[in-house]
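Content type mmCIF, C-alpha atoms, from the file upload_27.cif:
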data_data
loop_
_atom_site.label_atom_id
_atom_site.label_comp_id
_atom_site.auth_asym_id
_atom_site.auth_seq_id
_atom_site.Cartn_x
_atom_site.Cartn_y
_atom_site.Cartn_z
CA MET S 138 -10.27 51.29 -47.97
CA THR S 139 -6.95 51.56 -49.80
CA ILE S 140 -6.51 51.01 -53.53
CA ASN S 141 -4.50 47.86 -52.81
CA TYR S 142 -7.34 46.26 -50.85
CA PHE S 143 -9.76 47.21 -53.61
CA THR S 144 -7.35 45.59 -56.07
CA ILE S 145 -7.61 42.33 -54.15
CA LEU S 146 -11.40 42.49 -54.22
CA LEU S 147 -11.63 43.31 -57.91
CA ASN S 148 -9.31 40.47 -58.87
CA HIS S 149 -11.56 38.05 -57.02
CA LEU S 150 -14.76 39.52 -58.44
CA GLU S 151 -13.44 39.15 -62.00
CA GLN S 152 -13.13 35.41 -61.43
CA MET S 153 -16.03 34.91 -59.03
CA GLN S 154 -18.36 32.00 -59.71
CA ILE S 155 -21.88 32.86 -58.53
CA GLU S 156 -24.89 30.60 -58.14
CA VAL S 157 -28.17 32.33 -57.26
CA ALA S 158 -30.17 29.96 -55.04
CA SER S 159 -33.36 31.98 -54.49
CA ALA S 160 -34.74 35.51 -54.65
CA ALA S 161 -38.02 37.28 -53.99
CA ASP S 162 -39.83 40.50 -53.19
CA SER S 163 -41.38 39.83 -49.76
CA ILE S 164 -43.51 41.47 -47.11
CA VAL S 165 -42.33 40.53 -43.62
CA ASP S 166 -44.02 41.18 -40.29
CA GLU S 167 -43.16 40.43 -36.69
CA ALA S 168 -44.91 37.06 -36.78
CA SER S 169 -42.86 35.86 -39.77
CA LEU S 170 -39.50 36.64 -38.14
CA LYS S 171 -37.64 34.43 -35.70
CA ALA S 172 -36.90 35.88 -32.28
CA ARG S 173 -33.31 34.62 -32.40
CA ASP S 174 -30.26 34.85 -34.61
CA VAL S 175 -30.44 32.93 -37.87
CA VAL S 176 -27.50 31.52 -39.82
CA TYR S 177 -27.61 30.62 -43.50
CA ASP S 178 -25.25 28.41 -45.48
CA CYS S 179 -25.37 30.92 -48.35
CA ASN S 180 -24.72 34.64 -48.73
CA ARG S 181 -27.68 37.05 -48.57
CA LEU S 182 -28.35 40.41 -50.18
CA LEU S 183 -31.19 42.39 -48.56
CA PHE S 184 -32.66 45.64 -49.87
CA VAL S 185 -35.30 47.60 -47.97
CA LYS S 186 -38.11 48.86 -50.21
CA GLU S 187 -40.69 49.95 -47.62
CA GLY S 188 -41.09 50.09 -43.85
CA ARG S 189 -38.63 50.21 -41.00
CA GLY S 190 -36.94 47.77 -38.69
CA LYS S 191 -33.57 46.80 -37.25
CA LEU S 192 -30.85 44.34 -38.16
CA TYR S 193 -28.54 42.93 -35.50
CA SER S 194 -25.29 41.48 -36.82
CA GLN S 195 -21.62 41.37 -35.79
CA GLY S 196 -22.38 43.26 -32.60
CA GLU S 197 -24.01 46.14 -34.48
CA GLU S 198 -27.54 47.47 -34.55
CA VAL S 199 -28.46 48.78 -38.00
CA VAL S 200 -31.61 50.82 -38.60
CA LEU S 201 -33.37 49.42 -41.65
CA GLU S 202 -35.24 51.96 -43.74
CA PRO S 203 -35.95 52.40 -47.46
CA GLY S 204 -32.68 52.44 -49.42
CA VAL S 205 -30.59 50.40 -46.98
CA PHE S 206 -28.70 47.60 -48.74
CA CYS S 207 -27.17 44.78 -46.69
CA MET S 208 -24.86 41.87 -47.41
CA GLN S 209 -24.78 38.95 -44.98
CA LEU S 210 -22.09 36.34 -45.61
CA SER S 211 -22.73 32.65 -45.10
CA GLY S 212 -22.31 31.55 -41.51
CA MET S 213 -22.86 35.09 -40.21
CA PRO S 214 -25.47 35.15 -37.38
CA HIS S 215 -28.02 37.94 -37.76
CA ARG S 216 -31.53 38.87 -36.69
CA LEU S 217 -34.26 41.10 -38.13
CA VAL S 218 -36.54 42.91 -35.67
CA LEU S 219 -39.75 44.86 -36.34
CA GLU S 220 -41.96 46.90 -34.08
CA PRO S 221 -45.21 45.15 -33.06
CA GLY S 222 -47.82 45.57 -35.77
CA SER S 223 -45.36 46.91 -38.36
CA ARG S 224 -44.38 45.43 -41.72
CA MET S 225 -41.42 45.78 -44.03
CA ARG S 226 -41.00 45.08 -47.73
CA LEU S 227 -37.68 43.48 -48.65
CA GLN S 228 -36.12 42.47 -51.93
CA TRP S 229 -33.59 39.73 -51.31
CA CYS S 230 -31.53 37.02 -52.91
CA HIS S 231 -29.50 34.10 -51.61
CA PHE S 232 -26.37 33.16 -53.52
CA ARG S 233 -23.29 31.01 -53.23
CA SER S 234 -19.78 31.81 -54.39
CA SER S 235 -16.47 30.02 -54.15
CA TYR S 236 -14.87 29.60 -50.73
CA GLY S 237 -12.04 31.99 -51.55
CA ASP S 238 -14.40 34.79 -52.61
CA ARG S 239 -16.39 34.44 -49.40
CA GLU S 240 -13.29 34.46 -47.24
CA ILE S 241 -11.79 37.51 -48.94
CA PHE S 242 -14.82 39.59 -47.87
CA ARG S 243 -14.26 38.42 -44.30
CA THR S 244 -10.52 39.01 -44.42
CA LEU S 245 -10.98 42.56 -45.67
CA GLN S 246 -13.66 43.20 -43.03
CA ILE S 247 -16.09 44.73 -45.52
CA PRO S 248 -18.96 46.63 -43.83
CA PHE S 249 -22.22 44.74 -44.27
CA HIS S 250 -24.60 47.64 -44.95
CA VAL S 251 -24.73 50.78 -47.08
CA CYS S 252 -27.38 53.33 -48.03
CA VAL S 253 -27.91 53.48 -51.79
CA GLU S 254 -28.06 56.71 -53.76
CA ASN S 255 -30.33 55.36 -56.50
CA PRO S 256 -32.83 52.94 -54.94
CA GLU S 257 -34.75 52.54 -58.22
CA GLU S 258 -31.64 51.16 -59.94
CA VAL S 259 -30.99 48.62 -57.17
CA SER S 260 -34.65 47.60 -57.09
CA ARG S 261 -34.65 46.99 -60.85
CA LEU S 262 -31.59 44.75 -60.54
CA PHE S 263 -33.31 42.66 -57.89
CA GLU S 264 -36.35 42.40 -60.16
CA ARG S 265 -34.13 41.08 -62.96
CA ILE S 266 -32.71 38.40 -60.67
CA ILE S 267 -36.21 37.33 -59.61
CA GLU S 268 -37.27 37.19 -63.26
CA GLY S 269 -34.12 35.27 -64.18
CA LEU S 270 -34.85 32.54 -61.65
CA ALA S 271 -38.28 32.05 -63.19
CA SER S 272 -36.90 31.97 -66.73
CA ASP S 273 -36.32 28.74 -68.64
CA LYS S 274 -33.88 30.34 -71.08
CA VAL S 275 -30.45 28.71 -71.24
CA THR S 276 -28.81 32.14 -70.94
CA ALA S 277 -30.63 33.09 -67.72
CA ARG S 278 -27.80 31.93 -65.46
CA ILE S 279 -25.21 34.00 -67.34
CA ARG S 280 -27.44 37.07 -67.25
CA MET S 281 -28.06 36.67 -63.52
CA LYS S 282 -24.33 36.52 -62.84
CA GLY S 283 -23.94 39.85 -64.63
CA VAL S 284 -26.74 41.38 -62.57
CA MET S 285 -25.25 40.01 -59.34
CA LEU S 286 -21.89 41.58 -60.17
CA ASP S 287 -23.71 44.87 -60.82
CA LEU S 288 -25.31 44.67 -57.36
CA ILE S 289 -22.04 43.80 -55.64
CA GLY S 290 -20.31 46.58 -57.58
CA ILE S 291 -22.89 49.11 -56.38
CA PHE S 292 -22.44 47.87 -52.82
CA LEU S 293 -18.65 48.30 -52.98
CA GLU S 294 -18.87 51.74 -54.60
CA LEU S 295 -21.00 52.95 -51.69
CA LEU S 296 -18.58 51.91 -48.96
CA PRO S 297 -17.74 55.07 -46.99
CA ASP S 298 -14.32 56.66 -47.53
CA GLY S 299 -13.65 56.47 -43.82
CA VAL S 300 -13.77 52.67 -43.67
CA ASP S 301 -10.89 51.47 -41.54
CA ASP S 302 -8.38 49.26 -43.30
CA PRO S 303 -7.92 45.87 -41.66
CA LYS S 304 -4.47 46.66 -40.32
CA GLY S 305 -4.68 43.88 -37.76
CA SER S 306 -4.23 41.28 -40.49
CA GLN S 307 -0.58 40.41 -41.01
CA ASP S 308 -1.39 38.81 -44.35
CA LEU S 309 -2.91 42.03 -45.66
CA GLN S 310 -0.01 44.09 -44.38
CA LYS S 311 2.34 41.79 -46.28
CA ILE S 312 0.35 41.90 -49.51
CA ASP S 313 0.15 45.69 -49.23
CA ILE S 314 3.97 45.85 -49.13
CA VAL S 315 4.26 43.54 -52.13
CA LEU S 316 1.70 45.40 -54.28
CA LYS S 317 3.38 48.74 -53.59
CA TYR S 318 6.75 47.23 -54.50
CA ILE S 319 5.33 45.94 -57.79
CA GLU S 320 3.86 49.36 -58.69
CA ASP S 321 7.21 51.04 -58.00
CA HIS S 322 9.27 48.52 -60.00
CA LEU S 323 7.24 47.71 -63.12
CA SER S 324 10.16 48.89 -65.25
CA ASP S 325 12.54 46.48 -63.49
CA ASN S 326 13.09 42.74 -63.82
CA ILE S 327 10.82 41.56 -61.01
CA THR S 328 11.30 37.98 -59.81
CA VAL S 329 9.37 35.85 -57.36
CA GLU S 330 12.45 35.88 -55.14
CA ASP S 331 12.41 39.70 -55.10
CA LEU S 332 8.76 39.78 -54.07
CA ALA S 333 9.07 37.04 -51.47
CA GLY S 334 12.06 38.83 -49.98
CA GLN S 335 9.98 41.95 -49.33
CA VAL S 336 7.93 40.05 -46.75
CA TYR S 337 10.54 37.46 -45.67
CA LEU S 338 8.75 34.42 -47.08
CA HIS S 339 10.13 31.39 -48.90
CA PRO S 340 9.42 31.79 -52.65
CA ASN S 341 7.42 28.54 -52.85
CA TYR S 342 5.21 29.53 -49.93
CA PHE S 343 4.93 33.09 -51.23
CA ILE S 344 3.45 31.91 -54.55
CA VAL S 345 0.66 30.05 -52.73
CA PHE S 346 0.13 32.97 -50.33
CA PHE S 347 -0.07 35.54 -53.14
CA LYS S 348 -2.42 33.52 -55.34
CA GLY S 349 -4.71 32.86 -52.38
CA LEU S 350 -5.30 36.58 -51.94
CA LEU S 351 -5.04 37.92 -55.50
CA GLY S 352 -6.32 35.00 -57.54
CA TYR S 353 -3.24 35.16 -59.79
CA SER S 354 0.33 33.93 -59.47
CA PRO S 355 2.84 36.74 -58.70
CA ILE S 356 4.25 36.83 -62.24
CA GLN S 357 0.78 36.70 -63.81
CA TYR S 358 -0.20 39.71 -61.71
CA VAL S 359 3.01 41.60 -62.57
CA ASN S 360 2.45 41.03 -66.29
CA GLN S 361 -1.19 42.06 -65.98
CA ARG S 362 -0.19 45.33 -64.33
CA ARG S 363 2.46 45.91 -67.01
CA MET S 364 -0.12 45.51 -69.76
CA GLU S 365 -2.54 47.86 -67.99
CA LEU S 366 0.22 50.47 -67.67
CA ALA S 367 1.19 49.93 -71.30
CA LYS S 368 -2.36 50.58 -72.49
CA ALA S 369 -2.44 53.84 -70.53
CA LEU S 370 0.92 54.96 -71.94
CA LEU S 371 0.15 54.06 -75.55
CA VAL S 372 -2.66 56.63 -75.71
CA GLN S 373 -0.22 59.41 -74.80
CA PRO S 374 1.07 61.03 -78.03
CA GLU S 375 4.54 61.64 -76.59
CA CYS S 376 5.15 57.91 -75.91
CA ASN S 377 6.15 55.63 -78.77
CA VAL S 378 6.06 51.84 -78.60
CA SER S 379 9.75 51.58 -77.74
CA ASP S 380 9.33 54.03 -74.84
CA VAL S 381 6.38 52.05 -73.50
CA ALA S 382 8.33 48.78 -73.66
CA ASN S 383 11.10 50.38 -71.60
CA ARG S 384 8.61 51.74 -69.07
CA VAL S 385 7.26 48.26 -68.42
CA GLY S 386 10.71 46.66 -68.26
CA MET S 387 10.49 44.50 -71.37
CA GLN S 388 12.37 44.10 -74.64
CA ILE S 389 10.21 45.36 -77.48
CA TYR S 390 9.86 41.93 -79.14
CA TYR S 391 8.56 40.24 -75.97
CA PHE S 392 6.46 43.27 -75.10
CA SER S 393 4.75 43.26 -78.51
CA ARG S 394 4.05 39.54 -78.31
CA MET S 395 2.62 39.72 -74.77
CA PHE S 396 0.57 42.82 -75.56
CA LYS S 397 -1.06 41.12 -78.55
CA VAL S 398 -1.92 38.08 -76.42
CA HIS S 399 -3.42 40.40 -73.80
CA THR S 400 -5.44 42.69 -76.12
CA GLY S 401 -5.65 40.91 -79.48
CA LEU S 402 -3.84 43.87 -81.10
CA THR S 403 -0.22 44.81 -81.64
CA PRO S 404 0.93 47.85 -79.61
CA SER S 405 1.14 49.95 -82.80
CA ARG S 406 -2.36 48.98 -83.89
CA TYR S 407 -3.78 49.61 -80.41
CA ARG S 408 -2.07 53.00 -80.25
CA LYS S 409 -3.32 53.99 -83.72
CA GLN S 410 -6.91 53.07 -82.91
CA ALA S 411 -6.85 54.74 -79.48
CA LEU S 412 -5.38 57.99 -80.82
CA ALA S 413 -7.87 58.03 -83.71
CA ILE S 414 -10.77 57.69 -81.27
CA THR S 415 -9.32 60.42 -79.05
CA ALA S 416 -8.80 62.76 -82.01
CA SER S 417 -12.31 62.28 -83.39
CA GLY S 418 -13.97 62.88 -80.02
CA PRO S 419 -17.62 62.12 -79.29
CA GLU S 420 -20.10 62.61 -82.09
CA PRO S 421 -22.28 65.72 -81.64
CA ALA S 422 -25.80 65.09 -80.42
CA ALA S 423 -28.57 65.32 -83.00
CA GLY S 424 -29.62 68.91 -83.53
CA LYS S 425 -26.54 70.29 -81.74
CA GLY S 426 -23.90 69.95 -84.45
CA LYS S 427 -22.95 72.55 -87.02
CA PRO S 428 -25.42 72.97 -89.89
#
Starting from the coordinates I provided, produce the structure as structure tokens.
Amino acid sequence: MTINYFTILLNHLEQMQIEVASAADSIVDEASLKARDVVYDCNRLLFVKEGRGKLYSQGEEVVLEPGVFCMQLSGMPHRLVLEPGSRMRLQWCHFRSSYGDREIFRTLQIPFHVCVENPEEVSRLFERIIEGLASDKVTARIRMKGVMLDLIGIFLELLPDGVDDPKGSQDLQKIDIVLKYIEDHLSDNITVEDLAGQVYLHPNYFIVFFKGLLGYSPIQYVNQRRMELAKALLVQPECNVSDVANRVGMQIYYFSRMFKVHTGLTPSRYRKQALAITASGPEPAAGKGKP
């Protein structure tokens, strides 16, 4: 999966609204499973703790064994199958997210199963979701959203490097062109007309198209990328604030004002703090410093 497609996903995840509907740690056997495909109106995360079985989905047969982590999107037909007399222990949760977040997973053709490297970590996260659903604390919903994002983050990190990019999608080909153009021209005066022209779209339509995939308007995204580049440049001793402003294509007054809105600090203050932290380095561990 290319960096640009991951950029699309991360932008959506940052704004994703998640509602956990149910979760449990369950033992399933052949008698408890339906002998046909099932379809849910919510997304499902499944994690195999014990036992073995098979999952049929999207024309694939996936061997389920301890450590396999699956994501089934709403409306996706799937079927669990066990050998006669066998049982399987699953940790699972059902959740809903906004329509756009759900569709972006489909558009990017994300694989629906991975094998985790640290099953204990994933299992603990599921336990926290189950506990959160049973909690009457007003903060439980916020905490569960954080745990859900951790789980989804682990899932995405484990996608194999060889995953094919969805080149059949014209929309994704277009957005790929636009994102590369933005990265190559952050020091220039980028306009909506410039970006729309890269993919031969009317500017008004392009704004809707871009925001539908990235979650930001084109200019919001450009400014976000400029601020991210600026933060990276400011920690380099050879770059002063004026140099950084030029590198991101902005006059120093407007750059300073936008940077403070973005970070809460002026560029000079941010640079001073970042360089001080870099110069001091990590504190030595107890018992390992100089006497």
**Study point:** Explicit residues for the PyMOL selection byres ((chain S and resi 286) around 12) (as a PyMOL selection string)
**Key:** chain S and resi 147+149-157+182+232+234+259+262-263+266+279-285+287-294
For the selection you just gave me, I'd like the residues written to a file as a PDB file, in the frame of the given file, keeping C-alpha atoms.
ATOM      1  CA  LEU S 147     -11.630  43.310 -57.910  1.00  0.00           C
ATOM      2  CA  HIS S 149     -11.560  38.050 -57.020  1.00  0.00           C
ATOM      3  CA  LEU S 150     -14.760  39.520 -58.440  1.00  0.00           C
ATOM      4  CA  GLU S 151     -13.440  39.150 -62.000  1.00  0.00           C
ATOM      5  CA  GLN S 152     -13.130  35.410 -61.430  1.00  0.00           C
ATOM      6  CA  MET S 153     -16.030  34.910 -59.030  1.00  0.00           C
ATOM      7  CA  GLN S 154     -18.360  32.000 -59.710  1.00  0.00           C
ATOM      8  CA  ILE S 155     -21.880  32.860 -58.530  1.00  0.00           C
ATOM      9  CA  GLU S 156     -24.890  30.600 -58.140  1.00  0.00           C
ATOM     10  CA  VAL S 157     -28.170  32.330 -57.260  1.00  0.00           C
ATOM     11  CA  LEU S 182     -28.350  40.410 -50.180  1.00  0.00           C
ATOM     12  CA  PHE S 232     -26.370  33.160 -53.520  1.00  0.00           C
ATOM     13  CA  SER S 234     -19.780  31.810 -54.390  1.00  0.00           C
ATOM     14  CA  VAL S 259     -30.990  48.620 -57.170  1.00  0.00           C
ATOM     15  CA  LEU S 262     -31.590  44.750 -60.540  1.00  0.00           C
ATOM     16  CA  PHE S 263     -33.310  42.660 -57.890  1.00  0.00           C
ATOM     17  CA  ILE S 266     -32.710  38.400 -60.670  1.00  0.00           C
ATOM     18  CA  ILE S 279     -25.210  34.000 -67.340  1.00  0.00           C
ATOM     19  CA  ARG S 280     -27.440  37.070 -67.250  1.00  0.00           C
ATOM     20  CA  MET S 281     -28.060  36.670 -63.520  1.00  0.00           C
ATOM     21  CA  LYS S 282     -24.330  36.520 -62.840  1.00  0.00           C
ATOM     22  CA  GLY S 283     -23.940  39.850 -64.630  1.00  0.00           C
ATOM     23  CA  VAL S 284     -26.740  41.380 -62.570  1.00  0.00           C
ATOM     24  CA  MET S 285     -25.250  40.010 -59.340  1.00  0.00           C
ATOM     25  CA  ASP S 287     -23.710  44.870 -60.820  1.00  0.00           C
ATOM     26  CA  LEU S 288     -25.310  44.670 -57.360  1.00  0.00           C
ATOM     27  CA  ILE S 289     -22.040  43.800 -55.640  1.00  0.00           C
ATOM     28  CA  GLY S 290     -20.310  46.580 -57.580  1.00  0.00           C
ATOM     29  CA  ILE S 291     -22.890  49.110 -56.380  1.00  0.00           C
ATOM     30  CA  PHE S 292     -22.440  47.870 -52.820  1.00  0.00           C
ATOM     31  CA  LEU S 293     -18.650  48.300 -52.980  1.00  0.00           C
ATOM     32  CA  GLU S 294     -18.870  51.740 -54.600  1.00  0.00           C
TER      33      GLU S 294
END
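With CA of Gln209 (chain S) on one side and CA of Gly352 (chain S) on the other, the separation reads 22.7 Å.
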Exercise for review: Would you work out the distance separating CA of Leu219 (chain S) from CA of Glu268 (chain S), expressed in Å to one decimal?
Suggested key: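 Straight-line distance from CA of Leu219 (chain S) to CA of Glu268 (chain S) works out to 28.1 Å.
For the structure in this document, the set picked by the PyMOL selection byres ((chain S and resi 194) around 10) is Asp174, Lys191, Leu192, Tyr193, Gln195, Gly196, Glu197, Glu198, Val199, Gln209, Met213, Pro214, His215, Arg216, Leu217 and Phe249 of chain S.
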Practice item. Work out how far CA of Asp162 (chain S) is from CA of Glu254 (chain S), in Å to one decimal. Key: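 CA of Glu254 (chain S) sits 20.0 Å away from CA of Asp162 (chain S).
For the structure in this document, the set picked by the PyMOL selection byres ((chain S and resi 393) around 10) is Val378, Ser379, Ala382, Met387, Gln388, Ile389, Tyr390, Tyr391, Phe392, Arg394, Met395, Phe396, Lys397, Val398, His399, Leu402, Thr403, Pro404 and Ser405 of chain S.
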Practice item. Considering only C-alpha atoms, state which residue in the set S:Ala168, S:Leu270, S:Leu370, S:Leu296 is at the smallest distance from Met208 (chain S). Key: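 Of S:Ala168, S:Leu270, S:Leu370, S:Leu296, the one nearest Met208 (chain S), counting only C-alpha atoms, is S:Leu296.
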Review point. Between S:Pro256, S:Cys207, S:Leu170, S:Tyr177, which has the minimum distance to Ser223 (chain S) (counting all atoms listed in the file)?
Key: S:Leu170
Check your understanding: With distances taken over only C-alpha atoms, which of S:Arg278, S:Lys171, S:Leu350, S:Arg224 is nearest to Lys311 (chain S)?
Key -> S:Leu350
Check your understanding: Between S:Glu264, S:Thr328, S:His339, S:Asn383, which one has atoms that come closest to Gln357 (chain S), using only C-alpha atoms?
Key ->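 With only C-alpha atoms as the atom set, the closest residue is S:Thr328.
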Exercise for review: May I ask which of the residues S:Asn341, S:Thr400, S:Gln228, S:Ser272 is the closest one to Glu365 (chain S), counting only C-alpha atoms?
Suggested key: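 Smallest separation from Glu365 (chain S) among the options: S:Thr400.
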